[in-house]
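Source file: data_36.tsv. Holds: TSV, C-alpha atoms.
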```
chain	number	residue	atom	x	y	z
A	1	MET	CA	4.19	-0.99	5.56
A	2	SER	CA	5.57	-4.30	6.73
A	3	ALA	CA	8.19	-6.91	6.14
A	4	PRO	CA	7.21	-9.73	3.76
A	5	ILE	CA	5.69	-12.63	5.65
A	6	HIS	CA	4.31	-15.47	3.61
A	7	ASP	CA	2.48	-18.63	4.62
A	8	ASP	CA	2.30	-20.99	1.67
A	9	ALA	CA	-0.36	-23.06	3.44
A	10	GLU	CA	-2.87	-20.23	3.29
A	11	PRO	CA	-4.07	-18.30	0.23
A	12	GLU	CA	-3.37	-14.56	0.43
A	13	ILE	CA	-6.94	-13.75	-0.65
A	14	LEU	CA	-9.98	-15.77	0.38
A	15	ILE	CA	-12.65	-15.64	-2.34
A	16	GLU	CA	-16.20	-16.81	-1.76
A	17	ARG	CA	-19.67	-16.43	-3.24
A	18	ARG	CA	-22.26	-16.42	-0.45
A	19	GLY	CA	-25.86	-15.57	-1.23
A	20	SER	CA	-25.96	-12.33	-3.18
A	21	ALA	CA	-22.42	-11.29	-2.22
A	22	GLY	CA	-18.97	-11.84	-3.56
A	23	LEU	CA	-16.72	-11.95	-0.50
A	24	LEU	CA	-13.02	-11.06	-0.53
A	25	THR	CA	-10.90	-11.45	2.60
A	26	LEU	CA	-7.35	-10.08	2.67
A	27	ASN	CA	-5.56	-12.98	4.34
A	28	ARG	CA	-2.05	-12.09	5.49
A	29	PRO	CA	-2.82	-11.26	9.13
A	30	LYS	CA	0.78	-11.71	10.33
A	31	ALA	CA	1.81	-9.01	7.82
A	32	LEU	CA	-1.23	-6.83	8.67
A	33	ASN	CA	-2.67	-7.95	5.32
A	34	ALA	CA	-0.05	-6.01	3.35
A	35	LEU	CA	-0.73	-6.23	-0.38
A	36	THR	CA	1.38	-8.37	-2.66
A	37	LEU	CA	1.25	-8.61	-6.45
A	38	THR	CA	-0.43	-12.00	-6.08
A	39	MET	CA	-3.18	-10.40	-3.99
A	40	VAL	CA	-3.67	-7.60	-6.52
A	41	ARG	CA	-4.01	-10.11	-9.35
A	42	ASP	CA	-6.33	-12.39	-7.39
A	43	MET	CA	-8.57	-9.43	-6.49
A	44	ARG	CA	-8.65	-8.33	-10.13
A	45	ARG	CA	-9.68	-11.78	-11.36
A	46	ALA	CA	-12.33	-12.14	-8.66
A	47	LEU	CA	-13.80	-8.70	-9.30
A	48	ASP	CA	-13.93	-9.32	-13.04
A	49	ALA	CA	-15.81	-12.57	-12.39
A	50	PHE	CA	-18.19	-11.06	-9.83
A	51	ALA	CA	-19.00	-8.18	-12.17
A	52	VAL	CA	-20.52	-10.47	-14.80
A	53	ASP	CA	-22.08	-12.98	-12.39
A	54	PRO	CA	-25.83	-12.19	-12.18
A	55	ALA	CA	-26.08	-13.95	-8.81
A	56	VAL	CA	-23.61	-11.50	-7.27
A	57	THR	CA	-25.18	-8.10	-6.62
A	58	ARG	CA	-22.48	-6.64	-4.35
A	59	VAL	CA	-18.86	-7.21	-3.26
A	60	VAL	CA	-17.81	-7.17	0.41
A	61	VAL	CA	-14.13	-6.82	1.37
A	62	THR	CA	-12.67	-7.49	4.83
A	63	GLY	CA	-9.28	-8.09	6.41
A	64	ALA	CA	-8.33	-11.17	8.42
A	65	GLY	CA	-6.86	-11.16	11.90
A	66	GLY	CA	-8.68	-8.33	13.66
A	67	ARG	CA	-5.77	-5.85	13.76
A	68	ALA	CA	-5.77	-4.44	10.24
A	69	PHE	CA	-7.87	-4.21	7.14
A	70	CYS	CA	-4.64	-3.66	5.20
A	71	ALA	CA	-1.56	-1.77	6.33
A	72	GLY	CA	-0.39	-0.99	2.79
A	73	GLY	CA	1.65	-2.48	-0.01
A	74	ASP	CA	4.46	-4.88	0.84
A	75	ILE	CA	6.98	-2.04	0.91
A	76	ARG	CA	9.97	-4.18	1.90
A	77	VAL	CA	9.60	-6.29	-1.23
A	78	LEU	CA	9.37	-3.18	-3.43
A	79	HIS	CA	12.40	-1.69	-1.69
A	80	ASP	CA	14.44	-4.85	-2.27
A	81	LEU	CA	13.49	-5.02	-5.96
A	82	GLY	CA	14.51	-1.41	-6.53
A	83	LYS	CA	17.78	-1.74	-4.62
A	84	ALA	CA	18.61	-4.74	-6.81
A	85	GLY	CA	17.99	-2.66	-9.95
A	86	ARG	CA	14.81	-4.59	-10.77
A	87	HIS	CA	12.77	-1.42	-11.21
A	88	GLU	CA	10.47	-2.83	-13.88
A	89	GLU	CA	9.38	-5.62	-11.53
A	90	ALA	CA	8.58	-3.08	-8.82
A	91	LEU	CA	6.72	-0.91	-11.32
A	92	ALA	CA	4.68	-3.95	-12.41
A	93	PHE	CA	3.22	-4.05	-8.89
A	94	TRP	CA	2.34	-0.35	-8.90
A	95	ARG	CA	0.92	-0.50	-12.42
A	96	GLU	CA	-1.39	-3.41	-11.61
A	97	GLU	CA	-2.28	-1.94	-8.21
A	98	TYR	CA	-3.32	1.35	-9.81
A	99	GLU	CA	-5.31	-0.49	-12.47
A	100	LEU	CA	-7.11	-2.32	-9.65
A	101	ASN	CA	-7.84	1.01	-7.93
A	102	ILE	CA	-9.46	2.29	-11.13
A	103	LEU	CA	-11.52	-0.89	-11.46
A	104	ILE	CA	-12.75	-0.48	-7.88
A	105	LYS	CA	-13.59	3.20	-8.41
A	106	ARG	CA	-15.63	2.38	-11.54
A	107	TYR	CA	-17.01	-0.93	-10.34
A	108	PRO	CA	-20.52	-1.57	-11.72
A	109	LYS	CA	-21.85	-3.08	-8.47
A	110	PRO	CA	-21.75	-1.85	-4.85
A	111	TYR	CA	-18.28	-2.41	-3.37
A	112	VAL	CA	-18.35	-2.48	0.44
A	113	SER	CA	-15.24	-2.29	2.63
A	114	LEU	CA	-15.71	-3.25	6.28
A	115	ILE	CA	-12.78	-1.62	8.10
A	116	ASP	CA	-12.19	-2.14	11.80
A	117	GLY	CA	-8.46	-1.62	12.22
A	118	ILE	CA	-5.50	-0.18	10.33
A	119	VAL	CA	-6.03	0.99	6.76
A	120	MET	CA	-3.02	2.68	5.19
A	121	GLY	CA	-1.30	3.06	1.84
A	122	GLY	CA	-2.34	0.30	-0.54
A	123	GLY	CA	-5.12	-0.71	1.83
A	124	VAL	CA	-6.68	2.70	1.27
A	125	GLY	CA	-6.62	2.06	-2.47
A	126	VAL	CA	-8.68	-1.13	-2.20
A	127	SER	CA	-11.22	0.38	0.21
A	128	ILE	CA	-11.68	4.16	0.11
A	129	ASN	CA	-12.11	4.09	-3.68
A	130	GLY	CA	-15.15	1.82	-3.40
A	131	SER	CA	-18.79	2.89	-3.17
A	132	HIS	CA	-19.33	2.06	0.53
A	133	VAL	CA	-16.77	2.41	3.34
A	134	VAL	CA	-17.75	1.28	6.84
A	135	ALA	CA	-15.59	2.42	9.75
A	136	GLY	CA	-15.55	0.47	12.99
A	137	GLU	CA	-14.39	1.71	16.38
A	138	LYS	CA	-10.80	0.58	15.73
A	139	PHE	CA	-10.64	2.31	12.33
A	140	VAL	CA	-7.24	3.99	11.82
A	141	PHE	CA	-6.50	5.64	8.47
A	142	ALA	CA	-3.25	7.24	7.42
A	143	MET	CA	-1.28	8.09	4.31
A	144	PRO	CA	2.19	8.15	5.94
A	145	GLU	CA	4.19	8.00	2.71
A	146	VAL	CA	6.12	11.29	3.04
A	147	GLY	CA	7.81	9.72	6.09
A	148	ILE	CA	9.40	7.01	3.92
A	149	GLY	CA	10.34	9.19	0.94
A	150	PHE	CA	7.26	8.17	-1.04
A	151	PHE	CA	3.98	10.00	-1.83
A	152	PRO	CA	0.27	9.51	-1.04
A	153	ASP	CA	-0.74	7.38	-4.00
A	154	VAL	CA	-3.56	4.82	-4.68
A	155	GLY	CA	-5.92	7.67	-5.52
A	156	GLY	CA	-4.72	10.22	-2.97
A	157	THR	CA	-4.30	12.70	-5.82
A	158	TYR	CA	-8.06	12.49	-6.30
A	159	PHE	CA	-9.66	11.94	-2.88
A	160	LEU	CA	-7.42	14.09	-0.65
A	161	PRO	CA	-8.26	17.42	-2.35
A	162	ARG	CA	-11.96	16.51	-2.19
A	163	ILE	CA	-11.96	16.45	1.61
A	164	PRO	CA	-13.46	19.77	2.81
A	165	GLY	CA	-11.00	22.61	3.36
A	166	GLU	CA	-7.30	21.84	3.62
A	167	ILE	CA	-7.59	18.64	5.64
A	168	GLY	CA	-6.44	16.58	2.65
A	169	ALA	CA	-3.28	18.66	2.36
A	170	PHE	CA	-2.76	18.26	6.10
A	171	PHE	CA	-2.93	14.47	5.89
A	172	ALA	CA	-0.70	14.37	2.81
A	173	LEU	CA	2.05	16.50	4.38
A	174	THR	CA	2.03	15.09	7.90
A	175	GLY	CA	1.00	11.44	7.60
A	176	GLU	CA	-1.19	11.93	10.67
A	177	ARG	CA	-3.83	9.36	11.55
A	178	MET	CA	-7.59	9.62	11.23
A	179	LYS	CA	-10.05	7.68	13.37
A	180	GLN	CA	-13.70	6.81	13.04
A	181	GLY	CA	-15.24	10.22	13.75
A	182	ASP	CA	-12.95	11.99	11.29
A	183	ALA	CA	-13.58	9.32	8.66
A	184	LEU	CA	-17.28	10.23	8.74
A	185	SER	CA	-16.85	13.99	8.95
A	186	THR	CA	-14.40	14.07	6.04
A	187	GLY	CA	-16.57	11.84	3.88
A	188	LEU	CA	-13.93	9.13	3.48
A	189	ALA	CA	-16.26	6.72	5.31
A	190	THR	CA	-19.89	6.44	4.31
A	191	HIS	CA	-21.01	4.65	7.50
A	192	ALA	CA	-19.87	3.97	11.07
A	193	MET	CA	-20.63	0.77	12.93
A	194	ALA	CA	-19.96	-0.83	16.30
A	195	SER	CA	-17.14	-3.35	15.99
A	196	GLU	CA	-19.19	-6.09	17.62
A	197	ARG	CA	-21.74	-5.91	14.78
A	198	PHE	CA	-19.33	-6.39	11.85
A	199	THR	CA	-19.85	-10.17	11.57
A	200	GLU	CA	-23.61	-9.81	11.71
A	201	ALA	CA	-23.52	-7.03	9.12
A	202	LYS	CA	-21.36	-9.10	6.79
A	203	ASP	CA	-23.87	-11.95	7.00
A	204	ALA	CA	-26.74	-9.54	6.32
A	205	LEU	CA	-24.94	-8.20	3.24
A	206	CYS	CA	-25.17	-11.68	1.77
A	207	GLY	CA	-28.97	-11.44	1.81
A	208	ARG	CA	-31.50	-9.83	-0.48
A	209	GLU	CA	-31.80	-6.41	1.15
A	210	THR	CA	-30.02	-3.62	-0.68
A	211	VAL	CA	-26.58	-2.61	0.53
A	212	ASP	CA	-27.87	0.78	1.66
A	213	GLN	CA	-30.73	-0.78	3.63
A	214	VAL	CA	-28.35	-3.16	5.41
A	215	LEU	CA	-25.74	-0.55	6.27
A	216	GLU	CA	-28.29	2.01	7.44
A	217	GLY	CA	-29.80	-0.66	9.69
A	218	PHE	CA	-26.45	-1.34	11.33
A	219	ALA	CA	-25.17	2.24	11.39
A	220	ASP	CA	-24.08	3.56	14.77
A	221	VAL	CA	-24.65	7.26	15.35
A	222	ALA	CA	-22.66	7.23	18.61
A	223	THR	CA	-19.33	7.46	16.82
A	224	GLN	CA	-16.00	8.58	18.18
A	225	PRO	CA	-15.44	12.37	18.12
A	226	ALA	CA	-13.78	14.00	15.12
A	227	SER	CA	-10.42	15.10	16.54
A	228	VAL	CA	-8.81	16.28	13.31
A	229	THR	CA	-11.78	17.97	11.67
A	230	ALA	CA	-12.44	19.75	14.96
A	231	ARG	CA	-9.25	21.69	14.13
A	232	ARG	CA	-10.34	22.58	10.62
A	233	SER	CA	-10.07	26.35	11.10
A	234	ALA	CA	-6.43	26.07	12.19
A	235	ILE	CA	-5.66	23.54	9.46
A	236	ASP	CA	-7.27	25.72	6.79
A	237	ALA	CA	-5.35	28.76	7.96
A	238	CYS	CA	-1.95	27.06	7.83
A	239	PHE	CA	-2.32	24.61	4.93
A	240	ARG	CA	-4.00	26.90	2.38
A	241	PHE	CA	-0.73	27.85	0.71
A	242	ASP	CA	0.74	26.41	-2.47
A	243	THR	CA	4.29	25.91	-1.19
A	244	VAL	CA	5.47	23.73	1.67
A	245	GLU	CA	7.67	26.59	2.87
A	246	ALA	CA	4.64	28.86	3.26
A	247	VAL	CA	2.73	26.16	5.14
A	248	MET	CA	5.61	25.66	7.55
A	249	ASP	CA	6.05	29.42	7.99
A	250	ALA	CA	2.37	29.69	8.92
A	251	LEU	CA	2.71	26.86	11.44
A	252	ALA	CA	5.81	28.50	12.91
A	253	ALA	CA	3.98	31.81	13.30
A	254	ALA	CA	1.02	30.12	14.99
A	255	ALA	CA	3.38	28.22	17.30
A	256	ALA	CA	5.19	31.43	18.20
A	257	ALA	CA	1.81	32.89	19.13
A	258	GLY	CA	1.31	30.08	21.62
A	259	ASP	CA	-0.47	27.35	19.67
A	260	ASP	CA	1.09	24.05	20.79
A	261	TRP	CA	-0.66	22.00	18.10
A	262	SER	CA	0.91	24.09	15.34
A	263	GLY	CA	4.34	23.61	16.90
A	264	GLN	CA	3.85	19.85	17.10
A	265	THR	CA	2.65	19.71	13.51
A	266	LEU	CA	5.64	21.72	12.34
A	267	ALA	CA	7.99	19.38	14.20
A	268	THR	CA	6.33	16.40	12.52
A	269	MET	CA	6.77	17.89	9.05
A	270	GLN	CA	10.43	18.67	9.73
A	271	THR	CA	11.13	14.92	9.91
A	272	LYS	CA	9.63	14.15	6.47
A	273	SER	CA	11.31	13.93	3.08
A	274	PRO	CA	11.50	17.45	1.59
A	275	THR	CA	11.08	16.06	-1.92
A	276	SER	CA	8.10	13.93	-0.92
A	277	MET	CA	6.33	16.82	0.80
A	278	LYS	CA	6.72	19.04	-2.25
A	279	ILE	CA	5.42	16.30	-4.54
A	280	ALA	CA	2.50	15.62	-2.17
A	281	LEU	CA	1.39	19.24	-2.06
A	282	ALA	CA	1.68	19.54	-5.84
A	283	GLN	CA	-0.46	16.39	-6.14
A	284	VAL	CA	-3.19	17.70	-3.89
A	285	ARG	CA	-3.34	21.00	-5.73
A	286	ALA	CA	-3.32	19.48	-9.24
A	287	GLY	CA	-5.78	16.75	-8.30
A	288	ARG	CA	-8.59	19.21	-7.57
A	289	THR	CA	-9.52	19.32	-11.26
A	290	MET	CA	-8.57	15.78	-12.32
A	291	GLU	CA	-10.84	12.86	-13.10
A	292	PHE	CA	-9.88	9.69	-11.26
A	293	GLU	CA	-8.20	8.07	-14.26
A	294	GLU	CA	-6.07	11.14	-14.86
A	295	ALA	CA	-5.07	11.16	-11.20
A	296	MET	CA	-3.95	7.53	-11.37
A	297	LYS	CA	-2.04	8.17	-14.59
A	298	THR	CA	-0.29	11.03	-12.82
A	299	GLU	CA	0.57	8.83	-9.86
A	300	PHE	CA	2.14	6.23	-12.12
A	301	ARG	CA	4.31	8.98	-13.63
A	302	ILE	CA	5.42	10.00	-10.14
A	303	VAL	CA	6.18	6.47	-8.93
A	304	SER	CA	8.12	5.77	-12.12
A	305	ARG	CA	10.50	8.57	-11.10
A	306	ILE	CA	10.54	7.89	-7.35
A	307	CYS	CA	11.56	4.26	-7.81
A	308	HIS	CA	14.75	5.47	-9.53
A	309	GLY	CA	15.48	8.07	-6.82
A	310	HIS	CA	17.06	8.06	-3.38
A	311	ASP	CA	14.57	8.99	-0.66
A	312	PHE	CA	12.21	6.01	-0.94
A	313	TYR	CA	14.99	3.51	-0.31
A	314	GLU	CA	16.48	5.61	2.47
A	315	GLY	CA	13.09	6.07	4.12
A	316	VAL	CA	12.31	2.35	4.06
A	317	ARG	CA	15.78	1.63	5.46
A	318	ALA	CA	15.31	4.07	8.35
A	319	VAL	CA	11.70	3.22	9.24
A	320	ILE	CA	11.24	-0.44	8.32
A	321	ILE	CA	14.61	-2.17	8.01
A	322	ASP	CA	17.04	-0.59	10.49
A	323	LYS	CA	14.28	1.16	12.43
A	324	ASP	CA	16.67	3.94	13.50
A	325	ASN	CA	14.14	6.58	12.36
A	326	ALA	CA	17.05	8.74	11.21
A	327	PRO	CA	16.74	9.03	7.44
A	328	HIS	CA	19.27	11.07	5.46
A	329	TRP	CA	17.12	12.74	2.85
A	330	ARG	CA	18.62	13.88	-0.44
A	331	PRO	CA	18.16	16.81	-0.96
A	332	ALA	CA	18.12	17.45	2.78
A	333	THR	CA	16.33	20.83	2.70
A	334	LEU	CA	13.19	22.23	1.15
A	335	ALA	CA	15.18	25.04	-0.45
A	336	ALA	CA	17.25	22.52	-2.40
A	337	VAL	CA	14.15	20.91	-3.96
A	338	THR	CA	13.48	23.16	-6.96
A	339	PRO	CA	10.16	23.54	-8.81
A	340	ALA	CA	11.79	21.92	-11.84
A	341	MET	CA	12.71	18.85	-9.78
A	342	VAL	CA	9.11	18.51	-8.61
A	343	ALA	CA	7.66	19.11	-12.09
A	344	ALA	CA	9.87	16.37	-13.53
A	345	HIS	CA	7.95	13.79	-11.49
A	346	PHE	CA	4.69	14.81	-13.19
A	347	SER	CA	5.90	14.95	-16.81
A	348	PRO	CA	4.70	12.38	-19.37
A	349	LEU	CA	6.56	9.10	-19.61
A	350	ASP	CA	8.43	8.35	-22.81
A	351	GLY	CA	6.70	5.00	-22.89
A	352	GLY	CA	4.51	2.82	-20.73
A	353	GLU	CA	1.92	5.29	-19.47
A	354	LEU	CA	-0.78	3.81	-17.27
A	355	VAL	CA	-3.75	2.76	-19.41
A	356	PRO	CA	-7.01	2.72	-17.44
A	357	PRO	CA	-8.77	-0.67	-17.58
A	358	VAL	CA	-12.34	-0.96	-18.80
A	359	ALA	CA	-14.64	-2.17	-16.06
A	360	PRO	CA	-16.50	-5.38	-16.99
A	361	ARG	CA	-20.22	-5.02	-17.53
```

Before we go any further, please render this structure as structure tokens.
Amino acid sequence: MSAPIHDDAEPEILIERRGSAGLLTLNRPKALNALTLTMVRDMRRALDAFAVDPAVTRVVVTGAGGRAFCAGGDIRVLHDLGKAGRHEEALAFWREEYELNILIKRYPKPYVSLIDGIVMGGGVGVSINGSHVVAGEKFVFAMPEVGIGFFPDVGGTYFLPRIPGEIGAFFALTGERMKQGDALSTGLATHAMASERFTEAKDALCGRETVDQVLEGFADVATQPASVTARRSAIDACFRFDTVEAVMDALAAAAAAGDDWSGQTLATMQTKSPTSMKIALAQVRAGRTMEFEEAMKTEFRIVSRICHGHDFYEGVRAVIIDKDNAPHWRPATLAAVTPAMVAAHFSPLDGGELVPPVAPR
């Protein structure tokens, strides 16, 4: 989530063939590599070309600048389009972004993301959905969308409910951050690596050894501790319910019994969009039985409704534009968000459903 910052002198994606690898570098470091529609389209073209190039046996994706892999989609641009009534232009970004996520999930060659910094929102979509995810010491993952009146998209419907226990529901409803140890213990990262070895590992991935051989050779077993998954029993106990009200009641009861963490978690949730939290929990529950393509089709249905609503624009105003962190959600309470209102976000579109792309072979 960041304001649009563009440097016309530099391409937003650096594309290179080196040895056996197709290299993609997200190249908007001043904007924490936030995704634009140009970046989505450039990645799609490059991946299509790499897929049919016999000299390229794997794809390696990194972020420029050292602070972030990718902090998300360029939310300010999407906010401004929607506020101007240009909803179809905003939806064009989400449609093509979700198509790219499907391509990455079904990519016919190893797709390696080297992440040593912030990875949130849209950045998650172009990394976590790939075959290999490497977490460095500065790895910071979050899906903070309920805090801006949005929802955990880019495949969150699919991968969050597949994290063991109720940790996926916890992340969806709180927007809390995950670091390196939790990335491994939840399965969202396939490998951990010392930050100082990332450049060397990237060079090695351009060689002839298999991706698995390279990554296992650089893997670091002395990872950071898993702070979130260490609380799995408490998370499972409170987040196992199918309504947000029941989750918050459980947290309140645990807090009343003296558990400070539950009280802090409850306080965090009380700041989020009631509509977004109810959508997010419904997503996580429905996504348990969905194939990836169905999950992405569902997410496009949801975003097609959210971009015509209120909370997304109010959340971006409060968090990103005015930075007063005092959003006025509408509806303002959980009780006012009815099951029918939530269900409407998931219903089929009259036209323009997301059509999954066919991965090149």

Shortest interatomic distance to Ala31 of chain A - which of A:Gly85, A:Gly65, A:Gly121, A:Pro11, counting only C-alpha atoms: A:Gly65

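Minimum atom-to-atom distance to Ala201 of chain A, evaluated using only C-alpha atoms, belongs to A:Val60 out of A:Val140, A:Ala257, A:Ala234, A:Val60.
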
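Distances here use only C-alpha atoms; by that measure, the residue among A:Ile321, A:Ile128, A:Val134, A:Ile148 closest to Ala219 of chain A is A:Val134.
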
Give me the residues near segment 21-29 of chain A as a PyMOL selection string, where near means some atom within 6 Å (using all atoms listed in the file) and where sequence neighbours in that chain fewer than 3 positions away do not count. chain A and resi 12-18+32-33+56+58-65+206

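Nearest residue to Thr186 of chain A among A:Ala204, A:Ala46, A:Ala51, A:Ala230 is A:Ala230, counting only C-alpha atoms.
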
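Atom CA of Asp242 of chain A is found 18.5 Å from atom CA of Ala295 of chain A.
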
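Distance-wise, atom CA of Ile320 of chain A and atom CA of Ala280 of chain A end up 21.1 Å apart.
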
For a test of reading the model, state the distance in Å between atom CA of Gly125 of chain A and atom CA of Trp94 of chain A, rounded to one decimal. 11.3 Å

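Polymer residues near (-5.3, 0.3, 8.9): counting only C-alpha atoms with a cut-off of 10 Å, they are Leu32, Asn33, Ala34, Gly63, Arg67, Ala68, Phe69, Cys70, Ala71, Gly72, Ile115, Asp116, Gly117, Ile118, Val119, Met120, Gly121, Gly122, Gly123, Val124, Lys138, Phe139, Val140, Phe141, Ala142, Met143, Arg177, Met178 and Lys179 of chain A.
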
Show which residues sit within 10 Å of Gly165 of chain A, as a ChimeraX atom specification. Count all atoms listed in the file, and ignore same-chain residues fewer than 6 positions away. /A:186,229,232-233,235-237,239-240

Could the residues in this selection be saved with C-alpha atoms as a compact mmCIF listing (two decimals), in the coordinates of the input?
```txt
# COMPACT_ATOMS: atom_id res chain seq x y z
CA THR A 186 -14.40 14.07 6.04
CA THR A 229 -11.78 17.97 11.67
CA ARG A 232 -10.34 22.58 10.62
CA SER A 233 -10.07 26.35 11.10
CA ILE A 235 -5.66 23.54 9.46
CA ASP A 236 -7.27 25.72 6.79
CA ALA A 237 -5.35 28.76 7.96
CA PHE A 239 -2.32 24.61 4.93
CA ARG A 240 -4.00 26.90 2.38
```

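Nearest to Val284 of chain A of all the residues A:Val244, A:Leu114, A:Ala135, A:Ile104 is A:Val244, counting all atoms listed in the file.
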
If we count all atoms listed in the file, what is near Gln264 of chain A at a cut-off of 12 Å, once residues fewer than 6 positions away on the same chain are taken out, given as a PyMOL selection string? chain A and resi 174+176+248+251-252+254-256+258+270-271
